$ cat work-v2.cif   # mmCIF, C-alpha atoms
data_entry
loop_
_atom_site.group_PDB
_atom_site.id
_atom_site.type_symbol
_atom_site.label_atom_id
_atom_site.label_comp_id
_atom_site.auth_asym_id
_atom_site.auth_seq_id
_atom_site.Cartn_x
_atom_site.Cartn_y
_atom_site.Cartn_z
ATOM 1 C CA MET A 1 -1.970 -10.045 -26.816
ATOM 2 C CA LYS A 2 -5.429 -10.562 -25.334
ATOM 3 C CA LEU A 3 -5.409 -9.716 -21.630
ATOM 4 C CA ILE A 4 -7.677 -9.756 -18.579
ATOM 5 C CA PHE A 5 -6.793 -7.327 -15.787
ATOM 6 C CA LEU A 6 -7.564 -7.820 -12.097
ATOM 7 C CA GLY A 7 -7.249 -4.920 -9.677
ATOM 8 C CA THR A 8 -9.039 -2.971 -6.981
ATOM 9 C CA SER A 9 -7.049 -0.237 -5.227
ATOM 10 C CA ALA A 10 -5.301 2.873 -6.558
ATOM 11 C CA PHE A 11 -1.968 1.048 -6.758
ATOM 12 C CA ALA A 12 -3.267 -0.746 -9.875
ATOM 13 C CA LEU A 13 -4.336 2.386 -11.771
ATOM 14 C CA PRO A 14 -1.036 3.244 -13.554
ATOM 15 C CA ALA A 15 -0.674 -0.372 -14.707
ATOM 16 C CA LEU A 16 -4.179 -0.461 -16.182
ATOM 17 C CA LYS A 17 -3.634 2.874 -17.939
ATOM 18 C CA ALA A 18 -0.322 1.669 -19.387
ATOM 19 C CA LEU A 19 -1.849 -1.535 -20.741
ATOM 20 C CA HIS A 20 -4.805 0.316 -22.217
ATOM 21 C CA ASN A 21 -2.421 2.663 -24.062
ATOM 22 C CA THR A 22 -0.247 -0.132 -25.511
ATOM 23 C CA GLU A 23 -1.095 -0.872 -29.160
ATOM 24 C CA ASP A 24 -0.162 -4.552 -29.141
ATOM 25 C CA ILE A 25 -2.165 -5.334 -25.996
ATOM 26 C CA GLN A 26 -5.937 -5.613 -25.813
ATOM 27 C CA VAL A 27 -7.436 -5.347 -22.342
ATOM 28 C CA SER A 28 -10.617 -7.328 -22.969
ATOM 29 C CA LEU A 29 -11.933 -7.334 -19.427
ATOM 30 C CA VAL A 30 -11.290 -5.783 -16.025
ATOM 31 C CA ILE A 31 -12.222 -7.744 -12.901
ATOM 32 C CA SER A 32 -12.485 -5.795 -9.651
ATOM 33 C CA ARG A 33 -13.932 -6.336 -6.206
ATOM 34 C CA PRO A 34 -17.580 -5.390 -5.562
ATOM 35 C CA ASP A 35 -18.612 -1.937 -4.387
ATOM 36 C CA ARG A 36 -18.599 -1.692 -0.583
ATOM 37 C CA ARG A 37 -19.974 0.565 2.132
ATOM 38 C CA SER A 38 -17.249 2.560 3.864
ATOM 39 C CA GLY A 39 -16.612 5.675 5.925
ATOM 40 C CA ARG A 40 -18.707 7.253 8.649
ATOM 41 C CA GLY A 41 -21.748 7.573 6.446
ATOM 42 C CA ARG A 42 -21.417 3.973 5.244
ATOM 43 C CA LYS A 43 -21.845 5.189 1.686
ATOM 44 C CA ILE A 44 -21.397 2.830 -1.250
ATOM 45 C CA THR A 45 -17.836 3.274 -2.537
ATOM 46 C CA ARG A 46 -16.591 2.065 -5.901
ATOM 47 C CA PRO A 47 -13.073 0.630 -6.202
ATOM 48 C CA PRO A 48 -10.676 3.004 -8.000
ATOM 49 C CA VAL A 49 -9.990 0.371 -10.681
ATOM 50 C CA ALA A 50 -13.715 -0.035 -11.380
ATOM 51 C CA ILE A 51 -14.059 3.729 -11.848
ATOM 52 C CA LEU A 52 -11.108 3.836 -14.245
ATOM 53 C CA ALA A 53 -12.356 0.856 -16.253
ATOM 54 C CA ASP A 54 -15.646 2.671 -16.835
ATOM 55 C CA GLU A 55 -13.813 5.853 -17.841
ATOM 56 C CA LEU A 56 -11.670 3.929 -20.338
ATOM 57 C CA GLY A 57 -14.663 2.064 -21.735
ATOM 58 C CA ILE A 58 -13.325 -1.376 -20.792
ATOM 59 C CA ARG A 59 -15.774 -4.121 -19.919
ATOM 60 C CA LEU A 60 -15.969 -4.480 -16.133
ATOM 61 C CA LEU A 61 -17.117 -7.278 -13.850
ATOM 62 C CA GLN A 62 -17.247 -7.172 -10.039
ATOM 63 C CA PRO A 63 -18.204 -10.659 -8.865
ATOM 64 C CA GLU A 64 -18.359 -11.650 -5.217
ATOM 65 C CA LYS A 65 -16.785 -14.955 -6.253
ATOM 66 C CA LEU A 66 -14.822 -15.742 -9.408
ATOM 67 C CA THR A 67 -16.854 -18.924 -9.897
ATOM 68 C CA GLU A 68 -19.761 -16.672 -10.918
ATOM 69 C CA ILE A 69 -17.911 -15.747 -14.134
ATOM 70 C CA ARG A 70 -15.923 -18.961 -14.658
ATOM 71 C CA ASP A 71 -17.496 -20.074 -17.948
ATOM 72 C CA MET A 72 -17.457 -16.593 -19.465
ATOM 73 C CA ILE A 73 -13.752 -16.087 -18.738
ATOM 74 C CA LYS A 74 -12.868 -19.448 -20.267
ATOM 75 C CA GLU A 75 -14.772 -18.528 -23.431
ATOM 76 C CA MET A 76 -12.784 -15.286 -23.762
ATOM 77 C CA LEU A 77 -9.524 -17.242 -24.311
ATOM 78 C CA PRO A 78 -7.121 -14.656 -22.836
ATOM 79 C CA ASP A 79 -3.402 -15.041 -23.549
ATOM 80 C CA VAL A 80 -2.441 -13.754 -20.119
ATOM 81 C CA MET A 81 -3.923 -12.130 -17.034
ATOM 82 C CA VAL A 82 -2.372 -9.356 -14.969
ATOM 83 C CA SER A 83 -3.224 -8.684 -11.332
ATOM 84 C CA ALA A 84 -2.316 -5.763 -9.103
ATOM 85 C CA SER A 85 -3.752 -5.239 -5.618
ATOM 86 C CA TYR A 86 -6.845 -7.266 -6.501
ATOM 87 C CA GLY A 87 -7.432 -8.320 -2.909
ATOM 88 C CA GLY A 88 -8.967 -11.725 -3.557
ATOM 89 C CA TRP A 89 -7.742 -15.322 -3.637
ATOM 90 C CA LEU A 90 -7.211 -16.776 -7.119
ATOM 91 C CA PRO A 91 -8.123 -20.491 -7.205
ATOM 92 C CA ASP A 92 -6.159 -23.109 -9.161
ATOM 93 C CA TRP A 93 -8.769 -23.404 -11.925
ATOM 94 C CA PHE A 94 -8.513 -19.645 -12.514
ATOM 95 C CA LEU A 95 -4.711 -19.663 -12.662
ATOM 96 C CA GLY A 96 -4.813 -22.220 -15.464
ATOM 97 C CA ILE A 97 -7.193 -20.426 -17.843
ATOM 98 C CA ALA A 98 -4.631 -18.271 -19.687
ATOM 99 C CA PRO A 99 -1.664 -20.039 -21.356
ATOM 100 C CA LEU A 100 0.748 -17.515 -19.794
ATOM 101 C CA GLY A 101 -0.967 -17.628 -16.416
ATOM 102 C CA VAL A 102 -1.492 -14.652 -14.101
ATOM 103 C CA VAL A 103 1.319 -12.104 -13.819
ATOM 104 C CA ASN A 104 1.086 -10.367 -10.456
ATOM 105 C CA ILE A 105 2.624 -6.981 -9.629
ATOM 106 C CA HIS A 106 3.814 -7.065 -6.024
ATOM 107 C CA PRO A 107 5.373 -4.003 -4.311
ATOM 108 C CA SER A 108 8.250 -5.636 -2.452
ATOM 109 C CA LEU A 109 11.568 -7.379 -3.032
ATOM 110 C CA LEU A 110 10.206 -10.934 -2.959
ATOM 111 C CA PRO A 111 10.412 -13.204 -1.049
ATOM 112 C CA TRP A 112 10.704 -10.378 1.497
ATOM 113 C CA HIS A 113 7.359 -8.886 2.585
ATOM 114 C CA ARG A 114 4.973 -11.311 0.968
ATOM 115 C CA GLY A 115 1.351 -10.654 1.882
ATOM 116 C CA ALA A 116 -1.174 -7.888 2.312
ATOM 117 C CA ALA A 117 0.796 -4.874 3.577
ATOM 118 C CA PRO A 118 4.287 -4.902 2.019
ATOM 119 C CA ILE A 119 4.665 -1.128 1.662
ATOM 120 C CA ILE A 120 3.699 -0.314 5.246
ATOM 121 C CA ARG A 121 5.908 -3.112 6.610
ATOM 122 C CA THR A 122 8.820 -1.931 4.463
ATOM 123 C CA ILE A 123 8.692 1.502 6.075
ATOM 124 C CA LEU A 124 8.043 0.227 9.613
ATOM 125 C CA ASP A 125 11.081 -2.045 9.367
ATOM 126 C CA GLY A 126 13.299 0.779 8.141
ATOM 127 C CA ASP A 127 14.320 -1.124 4.998
ATOM 128 C CA LYS A 128 16.906 0.552 2.788
ATOM 129 C CA ILE A 129 15.698 -1.045 -0.441
ATOM 130 C CA THR A 130 12.439 -2.387 -1.827
ATOM 131 C CA ALA A 131 11.211 -3.304 -5.304
ATOM 132 C CA VAL A 132 8.408 -4.044 -7.695
ATOM 133 C CA SER A 133 8.330 -7.774 -8.417
ATOM 134 C CA PHE A 134 6.580 -9.240 -11.470
ATOM 135 C CA MET A 135 5.597 -12.741 -10.372
ATOM 136 C CA ILE A 136 3.774 -15.713 -11.900
ATOM 137 C CA THR A 137 0.946 -16.331 -9.455
ATOM 138 C CA ASP A 138 0.723 -19.799 -7.932
ATOM 139 C CA ASN A 139 -1.491 -21.171 -5.156
ATOM 140 C CA GLY A 140 0.683 -19.751 -2.351
ATOM 141 C CA TRP A 141 0.797 -16.295 -0.834
ATOM 142 C CA ASP A 142 3.125 -14.426 -3.222
ATOM 143 C CA THR A 143 5.348 -17.498 -3.615
ATOM 144 C CA GLY A 144 5.366 -17.751 -7.422
ATOM 145 C CA ASP A 145 8.367 -17.594 -9.743
ATOM 146 C CA ILE A 146 9.806 -14.157 -10.524
ATOM 147 C CA LEU A 147 9.812 -12.748 -14.060
ATOM 148 C CA TYR A 148 11.413 -9.392 -13.389
ATOM 149 C CA THR A 149 12.329 -7.116 -10.492
ATOM 150 C CA ILE A 150 12.782 -3.345 -10.404
ATOM 151 C CA ASN A 151 14.769 -2.289 -7.333
ATOM 152 C CA HIS A 152 13.938 0.941 -5.531
ATOM 153 C CA GLU A 153 16.211 2.598 -2.964
ATOM 154 C CA LEU A 154 14.571 4.269 0.021
ATOM 155 C CA THR A 155 15.543 7.590 1.572
ATOM 156 C CA GLY A 156 13.904 6.788 4.898
ATOM 157 C CA TYR A 157 11.576 9.779 4.601
ATOM 158 C CA GLU A 158 8.873 8.444 2.246
ATOM 159 C CA THR A 159 5.312 8.064 3.475
ATOM 160 C CA ALA A 160 3.483 4.884 2.547
ATOM 161 C CA GLY A 161 1.378 6.877 0.110
ATOM 162 C CA GLU A 162 4.406 8.361 -1.602
ATOM 163 C CA LEU A 163 6.174 5.006 -1.848
ATOM 164 C CA GLU A 164 3.058 3.336 -3.234
ATOM 165 C CA ASP A 165 2.780 5.978 -5.956
ATOM 166 C CA SER A 166 6.465 5.600 -6.895
ATOM 167 C CA LEU A 167 6.300 1.815 -7.098
ATOM 168 C CA ALA A 168 3.037 1.881 -9.041
ATOM 169 C CA GLU A 169 4.486 4.225 -11.662
ATOM 170 C CA SER A 170 7.687 2.174 -11.854
ATOM 171 C CA ALA A 171 5.691 -0.999 -12.464
ATOM 172 C CA ALA A 172 3.552 0.646 -15.127
ATOM 173 C CA SER A 173 6.580 1.939 -17.055
ATOM 174 C CA SER A 174 7.969 -1.594 -17.526
ATOM 175 C CA LEU A 175 4.828 -3.722 -17.591
ATOM 176 C CA SER A 176 4.224 -3.859 -21.353
ATOM 177 C CA GLU A 177 7.856 -4.751 -22.064
ATOM 178 C CA VAL A 178 7.841 -7.440 -19.366
ATOM 179 C CA LEU A 179 4.706 -9.026 -20.824
ATOM 180 C CA THR A 180 6.055 -8.909 -24.377
ATOM 181 C CA ASP A 181 9.390 -10.469 -23.417
ATOM 182 C CA TYR A 182 7.609 -13.112 -21.353
ATOM 183 C CA ALA A 183 5.260 -13.970 -24.217
ATOM 184 C CA ASN A 184 8.043 -14.361 -26.804
ATOM 185 C CA GLY A 185 10.226 -16.389 -24.456
ATOM 186 C CA THR A 186 12.949 -13.784 -23.944
ATOM 187 C CA LEU A 187 12.109 -13.492 -20.252
ATOM 188 C CA LYS A 188 12.093 -16.646 -18.138
ATOM 189 C CA ALA A 189 10.568 -16.991 -14.670
ATOM 190 C CA VAL A 190 12.907 -18.148 -11.891
ATOM 191 C CA PRO A 191 12.100 -19.422 -8.381
ATOM 192 C CA GLN A 192 12.231 -16.950 -5.509
ATOM 193 C CA ALA A 193 15.427 -17.017 -3.467
ATOM 194 C CA GLY A 194 16.617 -15.328 -0.290
ATOM 195 C CA ALA A 195 15.243 -14.405 3.118
ATOM 196 C CA GLU A 196 11.475 -14.691 3.477
ATOM 197 C CA SER A 197 9.050 -12.586 5.484
ATOM 198 C CA TYR A 198 5.298 -12.038 5.583
ATOM 199 C CA ALA A 199 3.665 -8.603 5.674
ATOM 200 C CA GLU A 200 0.534 -9.087 7.757
ATOM 201 C CA LYS A 201 -2.481 -6.858 7.234
ATOM 202 C CA VAL A 202 -2.310 -3.758 9.431
ATOM 203 C CA THR A 203 -4.742 -3.263 12.300
ATOM 204 C CA SER A 204 -5.767 0.063 13.812
ATOM 205 C CA GLU A 205 -4.300 -1.113 17.134
ATOM 206 C CA GLU A 206 -0.847 -1.280 15.523
ATOM 207 C CA ALA A 207 -1.111 2.387 14.636
ATOM 208 C CA MET A 208 -1.453 3.374 18.306
ATOM 209 C CA ILE A 209 1.747 5.073 19.447
ATOM 210 C CA SER A 210 3.612 3.986 22.556
ATOM 211 C CA TRP A 211 5.701 6.968 23.607
ATOM 212 C CA LYS A 212 8.051 4.549 25.363
ATOM 213 C CA SER A 213 9.322 3.571 21.914
ATOM 214 C CA SER A 214 12.290 5.427 20.432
ATOM 215 C CA ALA A 215 11.708 8.632 18.518
ATOM 216 C CA ASP A 216 12.903 7.030 15.299
ATOM 217 C CA GLU A 217 10.538 4.069 15.690
ATOM 218 C CA ILE A 218 7.599 6.433 16.161
ATOM 219 C CA ARG A 219 8.763 8.566 13.223
ATOM 220 C CA ARG A 220 8.668 5.457 11.012
ATOM 221 C CA MET A 221 5.152 4.723 12.281
ATOM 222 C CA VAL A 222 4.055 8.207 11.249
ATOM 223 C CA LEU A 223 5.444 7.620 7.751
ATOM 224 C CA ALA A 224 4.133 4.062 7.432
ATOM 225 C CA PHE A 225 0.568 4.872 8.473
ATOM 226 C CA ASN A 226 0.281 7.957 6.251
ATOM 227 C CA PRO A 227 -2.266 8.283 4.693
ATOM 228 C CA VAL A 228 -4.115 5.392 6.411
ATOM 229 C CA PRO A 229 -4.895 4.530 9.098
ATOM 230 C CA GLY A 230 -2.803 7.367 10.573
ATOM 231 C CA ALA A 231 -0.439 6.959 13.533
ATOM 232 C CA ARG A 232 -2.422 7.998 16.582
ATOM 233 C CA THR A 233 -2.333 8.739 20.280
ATOM 234 C CA VAL A 234 -5.083 9.435 22.830
ATOM 235 C CA ASN A 235 -5.183 12.318 25.315
ATOM 236 C CA ARG A 236 -7.688 14.677 26.943
ATOM 237 C CA THR A 237 -8.569 16.140 23.538
ATOM 238 C CA GLY A 238 -9.502 12.703 22.214
ATOM 239 C CA LEU A 239 -7.854 10.757 19.421
ATOM 240 C CA LEU A 240 -4.965 12.634 17.821
ATOM 241 C CA LYS A 241 -3.517 11.436 14.514
ATOM 242 C CA ILE A 242 0.001 12.440 13.542
ATOM 243 C CA TYR A 243 0.822 12.774 9.842
ATOM 244 C CA SER A 244 4.231 14.427 9.844
ATOM 245 C CA ALA A 245 7.031 14.440 12.404
ATOM 246 C CA GLU A 246 10.787 14.491 12.803
ATOM 247 C CA THR A 247 13.174 13.396 15.527
ATOM 248 C CA SER A 248 14.674 15.758 18.099
ATOM 249 C CA THR A 249 17.487 15.306 20.609
ATOM 250 C CA LEU A 250 15.547 16.914 23.475
ATOM 251 C CA GLN A 251 15.084 14.521 26.406
ATOM 252 C CA GLY A 252 12.110 14.056 28.719
ATOM 253 C CA ARG A 253 9.503 11.638 30.024
ATOM 254 C CA PRO A 254 7.731 9.512 27.380
ATOM 255 C CA GLY A 255 4.649 11.451 26.282
ATOM 256 C CA GLU A 256 5.721 14.716 27.944
ATOM 257 C CA VAL A 257 5.386 18.017 26.059
ATOM 258 C CA LEU A 258 8.959 19.352 26.025
ATOM 259 C CA GLU A 259 8.318 22.373 23.786
ATOM 260 C CA GLU A 260 5.067 24.016 22.684
ATOM 261 C CA VAL A 261 6.007 25.577 19.334
ATOM 262 C CA PRO A 262 7.268 23.555 17.657
ATOM 263 C CA LEU A 263 5.434 20.818 19.579
ATOM 264 C CA VAL A 264 8.059 18.366 20.862
ATOM 265 C CA VAL A 265 7.069 15.218 22.770
ATOM 266 C CA GLY A 266 9.376 12.980 24.809
ATOM 267 C CA CYS A 267 9.939 9.376 23.745
ATOM 268 C CA GLY A 268 11.686 6.321 25.174
ATOM 269 C CA SER A 269 14.866 7.724 23.654
ATOM 270 C CA ASP A 270 15.155 11.246 22.234
ATOM 271 C CA SER A 271 11.934 13.022 21.286
ATOM 272 C CA LEU A 272 9.585 13.713 18.397
ATOM 273 C CA ARG A 273 8.816 17.090 16.847
ATOM 274 C CA LEU A 274 5.205 16.998 15.594
ATOM 275 C CA LEU A 275 4.589 18.944 12.381
ATOM 276 C CA GLU A 276 1.105 17.989 11.132
ATOM 277 C CA VAL A 277 -1.692 16.510 13.237
ATOM 278 C CA GLN A 278 -5.426 15.866 13.117
ATOM 279 C CA PRO A 279 -7.544 16.073 16.278
ATOM 280 C CA GLN A 280 -10.592 13.813 16.425
ATOM 281 C CA GLY A 281 -13.409 15.144 14.255
ATOM 282 C CA LYS A 282 -11.304 18.025 12.926
ATOM 283 C CA ARG A 283 -9.252 18.799 9.827
ATOM 284 C CA ARG A 284 -5.521 18.288 9.526
ATOM 285 C CA MET A 285 -3.563 21.210 10.940
ATOM 286 C CA THR A 286 -0.070 22.281 11.928
ATOM 287 C CA SER A 287 1.029 21.393 15.426
ATOM 288 C CA ALA A 288 1.209 25.117 16.207
ATOM 289 C CA GLU A 289 -2.503 25.461 15.372
ATOM 290 C CA TYR A 290 -3.238 22.459 17.546
ATOM 291 C CA VAL A 291 -1.279 23.879 20.504
ATOM 292 C CA ARG A 292 -3.104 27.219 20.256
ATOM 293 C CA GLY A 293 -6.546 25.731 19.768
ATOM 294 C CA TYR A 294 -6.313 23.111 22.508
ATOM 295 C CA ARG A 295 -4.069 25.019 24.946
ATOM 296 C CA ILE A 296 -1.339 22.411 25.083
ATOM 297 C CA ARG A 297 1.275 23.432 27.654
ATOM 298 C CA LYS A 298 4.913 22.538 28.223
ATOM 299 C CA GLY A 299 5.478 19.986 30.985
ATOM 300 C CA VAL A 300 2.108 18.198 30.684
ATOM 301 C CA LEU A 301 1.729 14.699 29.299
ATOM 302 C CA LEU A 302 0.382 14.756 25.753
ATOM 303 C CA SER A 303 -0.346 11.086 26.302
ATOM 304 C CA GLU A 304 0.642 8.367 28.768
ATOM 305 C CA GLU A 305 0.357 5.607 26.153
#

$ encode --input "work-v2.cif" --output "structure tokens"
Amino acid sequence: MKLIFLGTSAFALPALKALHNTEDIQVSLVISRPDRRSGRGRKITRPPVAILADELGIRLLQPEKLTEIRDMIKEMLPDVMVSASYGGWLPDWFLGIAPLGVVNIHPSLLPWHRGAAPIIRTILDGDKITAVSFMITDNGWDTGDILYTINHELTGYETAGELEDSLAESAASSLSEVLTDYANGTLKAVPQAGAESYAEKVTSEEAMISWKSSADEIRRMVLAFNPVPGARTVNRTGLLKIYSAETSTLQGRPGEVLEEVPLVVGCGSDSLRLLEVQPQGKRRMTSAEYVRGYRIRKGVLLSEE
């Protein structure tokens, strides 16, 4: 099976590795997004998939627009394409190049959480179950027919990073078999069915904590925005990101420091015990280190947000 792979972020890495290591599949080309400037230093950063493609010795292209490589892709005559967290719109002409189309790996139980941020939205919503969906890409936003779904039960304590890793590995373990069964006709695509929702891209404003929310809502924020962009609050010490926390039954004003060590902060209902934080411009640290270093005292408002 001759295959073209499209991917950009780390979520796609296990899938690309699995395909590369499958004897009956030839990954002829990897398409990724262009290198971009990022971070404080605005340094050029390569997409994780582009780095892996180079390491594996697979031909790599990073066009700004797919039309730049249209003729070349058509000449390659791929049997199928696979996409995972590519991050770019696939036009109709592109979807029709391979006889088997473009199989997309989407980390949600479609049609629930279509869109750009399914993993974060899954955790924010407190979902009990999610999935990896293998979908035939059409011209909608994650609306194509479903080939195969791998369900994944949630404990309620996974960070977004941990859930992404689990779903990526789960997808990779079944990908070759899904493609083979699809190619020989054993696996048939069926239309999506059930409740629909759209997982909008996350903004940094959404990660700002309102201490008037319940402790459990804020706890889910901490999990959902770990590792990026980090759930945050603002106080006299500047921006404070929270990376690990658990609920407490202590009661107090929203934003009030109820205990110093461990650092417990009042919420709209119950309170939140902060475990790992990162003050602005500093490294991650335990909340105890933060309390000592910044002289946080019981009874003051950590934040009024």

$ resolve_selection --input "work-v2.cif" --expression "the PyMOL selection byres ((chain A and resi 22-36) around 6)" --output "PyMOL selection string"
chain A and resi 1-8+19-21+37+44-46+59-62

$ resolve_selection --input "work-v2.cif" --expression "the PyMOL selection byres ((chain A and resi 252) around 8)" --output "MDAnalysis selection string"
chainID A and resid 250:251 253:254 256 258 265:267 270:271

$ atom_distance --input "work-v2.cif" --atom1 "atom CA of A:Tyr148" --atom2 "atom CA of A:Asp125"
23.9 Å

$ closest_residue --input "work-v2.cif" --among "A:His113, A:Gly101, A:Lys282, A:Lys201" --to "A:Gly238" --atoms "all atoms listed in the file"
A:Lys282

$ closest_residue --input "work-v2.cif" --among "A:Pro262, A:Pro227, A:Gly39, A:Pro78" --to "A:Gly161" --atoms "only C-alpha atoms"
A:Pro227

$ closest_residue --input "work-v2.cif" --among "A:Thr247, A:Ser170, A:Thr122, A:Thr237" --to "A:Tyr290" --atoms "only C-alpha atoms"
A:Thr237

$ atom_distance --input "work-v2.cif" --atom1 "atom CA of A:Arg295" --atom2 "atom CA of A:Val222"
23.2 Å

$ closest_residue --input "work-v2.cif" --among "A:Leu239, A:Val257, A:Met221, A:Val277" --to "A:Lys298" --atoms "only C-alpha atoms"
A:Val257

$ build_atoms --input "work-v2.cif" --residues "stretch 87-112 of chain A" --atoms "N, CA and C atoms" --output "compact mmCIF listing (two decimals), in the coordinates of the input"
# COMPACT_ATOMS: atom_id res chain seq x y z
N GLY A 87 -6.85 -8.14 -4.24
CA GLY A 87 -7.43 -8.32 -2.91
C GLY A 87 -8.30 -9.54 -2.74
N GLY A 88 -8.19 -10.49 -3.67
CA GLY A 88 -8.97 -11.72 -3.56
C GLY A 88 -8.13 -12.93 -3.93
N TRP A 89 -8.46 -14.08 -3.37
CA TRP A 89 -7.74 -15.32 -3.64
C TRP A 89 -8.06 -15.82 -5.05
N LEU A 90 -7.03 -16.25 -5.77
CA LEU A 90 -7.21 -16.78 -7.12
C LEU A 90 -7.07 -18.30 -7.07
N PRO A 91 -8.16 -19.03 -7.31
CA PRO A 91 -8.12 -20.49 -7.20
C PRO A 91 -7.34 -21.13 -8.35
N ASP A 92 -6.97 -22.39 -8.17
CA ASP A 92 -6.16 -23.11 -9.16
C ASP A 92 -6.80 -23.11 -10.54
N TRP A 93 -8.11 -23.34 -10.62
CA TRP A 93 -8.77 -23.40 -11.92
C TRP A 93 -8.63 -22.08 -12.67
N PHE A 94 -8.64 -20.97 -11.91
CA PHE A 94 -8.51 -19.64 -12.51
C PHE A 94 -7.09 -19.42 -13.04
N LEU A 95 -6.11 -19.87 -12.28
CA LEU A 95 -4.71 -19.66 -12.66
C LEU A 95 -4.36 -20.40 -13.95
N GLY A 96 -5.12 -21.43 -14.28
CA GLY A 96 -4.81 -22.22 -15.46
C GLY A 96 -5.56 -21.83 -16.72
N ILE A 97 -6.39 -20.80 -16.67
CA ILE A 97 -7.19 -20.43 -17.84
C ILE A 97 -6.33 -19.86 -18.97
N ALA A 98 -5.46 -18.91 -18.66
CA ALA A 98 -4.63 -18.27 -19.69
C ALA A 98 -3.33 -19.07 -19.87
N PRO A 99 -2.91 -19.29 -21.10
CA PRO A 99 -1.66 -20.04 -21.36
C PRO A 99 -0.45 -19.47 -20.62
N LEU A 100 -0.38 -18.15 -20.47
CA LEU A 100 0.75 -17.52 -19.79
C LEU A 100 0.48 -17.26 -18.31
N GLY A 101 -0.67 -17.74 -17.83
CA GLY A 101 -0.97 -17.63 -16.42
C GLY A 101 -1.35 -16.22 -15.98
N VAL A 102 -1.17 -15.96 -14.69
CA VAL A 102 -1.49 -14.65 -14.10
C VAL A 102 -0.21 -13.99 -13.62
N VAL A 103 0.14 -12.87 -14.22
CA VAL A 103 1.32 -12.10 -13.82
C VAL A 103 0.88 -11.10 -12.75
N ASN A 104 1.44 -11.25 -11.56
CA ASN A 104 1.09 -10.37 -10.46
C ASN A 104 2.16 -9.30 -10.24
N ILE A 105 1.71 -8.08 -9.96
CA ILE A 105 2.62 -6.98 -9.63
C ILE A 105 2.61 -6.82 -8.12
N HIS A 106 3.75 -7.11 -7.48
CA HIS A 106 3.81 -7.06 -6.02
C HIS A 106 4.85 -6.03 -5.59
N PRO A 107 4.46 -5.09 -4.70
CA PRO A 107 5.37 -4.00 -4.31
C PRO A 107 6.33 -4.36 -3.17
N SER A 108 7.18 -5.34 -3.41
CA SER A 108 8.25 -5.64 -2.45
C SER A 108 9.33 -6.44 -3.16
N LEU A 109 10.46 -6.59 -2.50
CA LEU A 109 11.57 -7.38 -3.03
C LEU A 109 11.36 -8.83 -2.59
N LEU A 110 10.53 -9.56 -3.32
CA LEU A 110 10.21 -10.93 -2.96
C LEU A 110 11.46 -11.80 -2.91
N PRO A 111 11.49 -12.76 -1.94
CA PRO A 111 10.41 -13.20 -1.05
C PRO A 111 10.26 -12.40 0.24
N TRP A 112 10.86 -11.24 0.32
CA TRP A 112 10.70 -10.38 1.50
C TRP A 112 9.39 -9.62 1.42
